[in-house]
Amino acid sequence: MNPMPHPRTFWTGSTALRSLLLFLNFFLILLAYYLVKPASRSLFLSHSSSDILPWVWTASGLLLLALVPGYQKLLLRYGRMRVVLGSCVGTAVLLLIFRGLFHYANAPIAIGFYILVDIFSVVLVEQFWSLTNSVYDSREGKRWYGLIASGGLVGGIAGGLAASWLVKHTPLKTEDLISVAAVLVLAMMALTGRLARAGVYREREVSGAPVKLEEPSIDFGVVLKSIRSNRFVALIALLVLFSQICEPIVEYQFIHHVEASYADSEARTVFLSQFLSLQSAVALAVNLLLTPLIHRYGGVIAGLLMQPLLLGVSAMAYLFQTDLRSASIMKISDRGLSYSVNRASRELLYVGADANTIFKVKAWIDMVGYRVFKIAGNVAILLIVQWTAYQQSETALSAVVVMLCVGWIGCVVTLRRLGGKAGKAPKGSAMQGAAA
């Protein structure tokens, strides 16, 4: 008779089992987020206006930037796992507080809740991947990363469908989705803690003190020097810049049409939930079915071209048909591809590149660059729609998206040329085979 396996061996002995548990963990994070995301947008539009969204997004981005130094200090003092679990508790408590505040809902409460949901998604997702990166070596990561990442996309599909069903077929209202999301965050926290106690994550405690895993440092001087001196690094930064400026513009146009099309809060929540579920389904289908084929037959460059090409075409179509359907197609072309083939292709640019330089640049882009560049997109919206002497129609924003996509495609083409010139792309990087 075979002896029963030790509990820790059961949780950590199989890489496949660990990957499935991490899939479930990421699924719960995105399930909670996609329950509360449509609620935050719908409640915001009930008590405020889409016209102030660029200001709200800017406030959210600045707050995230302000939180980064404090967050890093917490990591150094308490260790990664304690900070992750504390963040989950804090998020759940804040969600429940806002649920109570919505009994007296007004514009400041709706804006505050919108910002909380934006920060919640960034913090919990980044923390998940930070922990997951401690589980695998590079060989295992390449094998299991796709499965784990798909957990988030499946969570997005399930979250949108669940939010729609709860509001449409049960007595729950939009505000009640907040409480459901809080419960899911606590469930995810319990699973994360269980995985940590079982030894799935490599962080350990020695003599009661946590061993702090090294976090990527943010040195803007090094990043700026790298961008100025290395064309490869500069082009990666430009790719992120173009995509992040496009994102808020497309989101602004989409939310503007949702506001105009749905006056009822519950109907608006149902539409947003179903749309977000569809968006995640598109991303999952592209991730599982198209991305491997694109990378196999077209390489990294083909993967990088997909999003700007389709977004540019859909933005041009929007110029001639300015309605919710066109805005929805444009939105899916942007986010559906960003979460799938574009992200996977961009990550491959870093493979084999000079670790000392690329690691610091990637850390800055992931932690700071995305927020700074998105603020630039918010400023572009305000400049075109509100700050000009003769206020332009929001349709003009699509012309800006088209121009940005042209520049975006130009960067990708330049990367391809760079990959075909010996010594230009980082030695050993994926770009050296891009021109083949």
# chains A, B, ... in the order shown; residues from 1 in each chain; ligands from 1
call {"tool": "residues_around", "arguments": {"residues": "region 292-306 of chain A", "least_positions_apart": "2", "cutoff": "9 Å", "atoms": "only C-alpha atoms", "output": "JSON, numbers by chain"}}
result
{"A": [286, 287, 288, 289, 290, 308, 309, 310, 311, 337, 341, 342, 343, 344, 345, 346, 348, 349, 408, 409, 412, 413, 415, 416, 430, 431, 433, 434, 435, 436]}
call {"tool": "write_last_selection", "arguments": {"atoms": "N, CA, C and O atoms", "output": "short mmCIF file (atom, residue, chain, number, x, y, z; two decimals), in the first residue's frame"}}
result
data_model
loop_
_atom_site.label_atom_id
_atom_site.label_comp_id
_atom_site.auth_asym_id
_atom_site.auth_seq_id
_atom_site.Cartn_x
_atom_site.Cartn_y
_atom_site.Cartn_z
N VAL A 286 -7.91 34.73 -29.80
CA VAL A 286 -6.69 35.16 -30.50
C VAL A 286 -5.46 34.56 -29.82
O VAL A 286 -4.53 34.08 -30.49
N ASN A 287 -5.47 34.56 -28.49
CA ASN A 287 -4.32 34.07 -27.73
C ASN A 287 -4.08 32.59 -27.98
O ASN A 287 -2.93 32.15 -28.15
N LEU A 288 -5.15 31.80 -28.03
CA LEU A 288 -5.01 30.35 -28.15
C LEU A 288 -4.91 29.87 -29.60
O LEU A 288 -4.19 28.91 -29.89
N LEU A 289 -5.63 30.53 -30.50
CA LEU A 289 -5.74 30.03 -31.87
C LEU A 289 -4.84 30.75 -32.87
O LEU A 289 -4.21 30.11 -33.72
N LEU A 290 -4.79 32.09 -32.78
CA LEU A 290 -4.08 32.85 -33.81
C LEU A 290 -2.64 33.18 -33.45
O LEU A 290 -1.76 33.14 -34.31
N PRO A 308 -1.98 47.60 -34.40
CA PRO A 308 -2.10 48.90 -35.08
C PRO A 308 -2.81 48.84 -36.42
O PRO A 308 -3.51 49.77 -36.80
N LEU A 309 -2.66 47.73 -37.15
CA LEU A 309 -3.34 47.60 -38.44
C LEU A 309 -4.86 47.55 -38.26
O LEU A 309 -5.59 48.31 -38.89
N LEU A 310 -5.33 46.65 -37.40
CA LEU A 310 -6.77 46.51 -37.21
C LEU A 310 -7.37 47.72 -36.50
O LEU A 310 -8.49 48.15 -36.82
N LEU A 311 -6.65 48.28 -35.53
CA LEU A 311 -7.15 49.48 -34.86
C LEU A 311 -7.23 50.65 -35.82
O LEU A 311 -8.21 51.41 -35.82
N LEU A 337 -6.80 42.77 -28.88
CA LEU A 337 -5.49 42.39 -29.41
C LEU A 337 -4.36 42.77 -28.47
O LEU A 337 -3.32 42.12 -28.44
N VAL A 341 -2.21 38.93 -28.71
CA VAL A 341 -1.06 38.81 -29.61
C VAL A 341 -0.05 39.95 -29.42
O VAL A 341 1.17 39.73 -29.49
N ASN A 342 -0.52 41.16 -29.13
CA ASN A 342 0.42 42.27 -29.00
C ASN A 342 1.29 42.11 -27.76
O ASN A 342 2.51 42.31 -27.80
N ARG A 343 0.65 41.75 -26.62
CA ARG A 343 1.43 41.58 -25.39
C ARG A 343 2.43 40.44 -25.51
O ARG A 343 3.60 40.57 -25.12
N ALA A 344 2.00 39.32 -26.09
CA ALA A 344 2.90 38.18 -26.25
C ALA A 344 4.07 38.53 -27.18
O ALA A 344 5.22 38.16 -26.92
N SER A 345 3.79 39.26 -28.25
CA SER A 345 4.84 39.63 -29.20
C SER A 345 5.82 40.60 -28.58
O SER A 345 7.04 40.49 -28.77
N ARG A 346 5.30 41.56 -27.81
CA ARG A 346 6.19 42.54 -27.17
C ARG A 346 7.09 41.88 -26.13
O ARG A 346 8.26 42.24 -26.00
N LEU A 348 8.26 38.93 -26.31
CA LEU A 348 9.30 38.20 -27.03
C LEU A 348 10.45 39.10 -27.46
O LEU A 348 11.56 38.62 -27.70
N LEU A 349 10.21 40.40 -27.54
CA LEU A 349 11.29 41.32 -27.89
C LEU A 349 12.39 41.30 -26.84
O LEU A 349 13.56 41.56 -27.13
N TRP A 408 2.90 54.03 -35.24
CA TRP A 408 3.07 52.74 -34.56
C TRP A 408 3.59 51.70 -35.56
O TRP A 408 4.56 50.98 -35.28
N ILE A 409 2.94 51.61 -36.72
CA ILE A 409 3.36 50.66 -37.76
C ILE A 409 4.78 51.00 -38.24
O ILE A 409 5.59 50.09 -38.47
N VAL A 412 7.27 49.51 -35.90
CA VAL A 412 7.40 48.07 -36.06
C VAL A 412 8.25 47.74 -37.30
O VAL A 412 9.12 46.86 -37.25
N VAL A 413 8.01 48.47 -38.39
CA VAL A 413 8.80 48.25 -39.61
C VAL A 413 10.26 48.56 -39.36
O VAL A 413 11.15 47.82 -39.81
N LEU A 415 11.78 48.31 -36.49
CA LEU A 415 12.29 47.20 -35.69
C LEU A 415 12.67 46.02 -36.57
O LEU A 415 13.68 45.35 -36.34
N ARG A 416 11.87 45.77 -37.60
CA ARG A 416 12.18 44.66 -38.52
C ARG A 416 13.50 44.92 -39.24
O ARG A 416 14.34 44.03 -39.37
N ALA A 430 15.10 38.13 -29.89
CA ALA A 430 14.16 37.58 -30.85
C ALA A 430 14.18 38.37 -32.15
O ALA A 430 13.84 37.86 -33.19
N MET A 431 14.59 39.61 -32.08
CA MET A 431 14.58 40.45 -33.27
C MET A 431 15.61 40.01 -34.30
O MET A 431 15.49 40.32 -35.47
N GLY A 433 15.98 37.23 -35.48
CA GLY A 433 15.35 36.31 -36.42
C GLY A 433 14.11 36.89 -37.04
O GLY A 433 13.43 36.22 -37.81
N ALA A 434 13.82 38.15 -36.74
CA ALA A 434 12.56 38.72 -37.20
C ALA A 434 12.53 38.93 -38.70
O ALA A 434 11.47 38.90 -39.32
N ALA A 435 13.69 39.18 -39.27
CA ALA A 435 13.72 39.46 -40.70
C ALA A 435 13.77 38.21 -41.55
O ALA A 435 13.69 38.27 -42.76
N ALA A 436 13.94 37.07 -40.89
CA ALA A 436 14.04 35.82 -41.64
C ALA A 436 12.72 35.45 -42.30
O ALA A 436 11.67 35.67 -41.72
#
call {"tool": "select_by_dssp", "arguments": {"residues": "region 84-318 of chain A", "states": "helix (DSSP H, G or I)", "output": "VMD selection string"}}
result
chain A and resid 84 to 104 107 to 132 138 to 169 176 to 197 220 to 229 231 to 261 265 to 297 299 to 318
call {"tool": "residues_around", "arguments": {"residues": "Gly159 (chain A)", "least_positions_apart": "5", "cutoff": "7 Å", "atoms": "only C-alpha atoms", "output": "list in words"}}
result
Leu31, Ala32, Tyr34 and Leu35 of chain A
call {"tool": "write_last_selection", "arguments": {"atoms": "N, CA, C and O atoms", "output": "PDB file, in the first residue's frame"}}
result
ATOM      1  N   LEU A  31     -12.031  37.446 -12.421  1.00  0.00           N
ATOM      2  CA  LEU A  31     -13.458  37.266 -12.198  1.00  0.00           C
ATOM      3  C   LEU A  31     -13.994  38.390 -11.311  1.00  0.00           C
ATOM      4  O   LEU A  31     -15.027  39.011 -11.620  1.00  0.00           O
ATOM      5  N   ALA A  32     -13.278  38.674 -10.221  1.00  0.00           N
ATOM      6  CA  ALA A  32     -13.685  39.769  -9.332  1.00  0.00           C
ATOM      7  C   ALA A  32     -13.621  41.111 -10.049  1.00  0.00           C
ATOM      8  O   ALA A  32     -14.545  41.936  -9.946  1.00  0.00           O
ATOM      9  N   TYR A  34     -13.803  41.797 -13.315  1.00  0.00           N
ATOM     10  CA  TYR A  34     -14.810  41.982 -14.363  1.00  0.00           C
ATOM     11  C   TYR A  34     -16.233  41.951 -13.824  1.00  0.00           C
ATOM     12  O   TYR A  34     -17.172  42.271 -14.560  1.00  0.00           O
ATOM     13  N   LEU A  35     -16.402  41.598 -12.562  1.00  0.00           N
ATOM     14  CA  LEU A  35     -17.681  41.826 -11.909  1.00  0.00           C
ATOM     15  C   LEU A  35     -17.847  43.287 -11.537  1.00  0.00           C
ATOM     16  O   LEU A  35     -18.920  43.877 -11.684  1.00  0.00           O
TER      17      LEU A  35
END
call {"tool": "closest_residue", "arguments": {"among": "A:Ser277, A:His256, A:Trp387, A:Ser398", "to": "Gln321 (chain A)", "atoms": "only C-alpha atoms"}}
result
A:Ser398
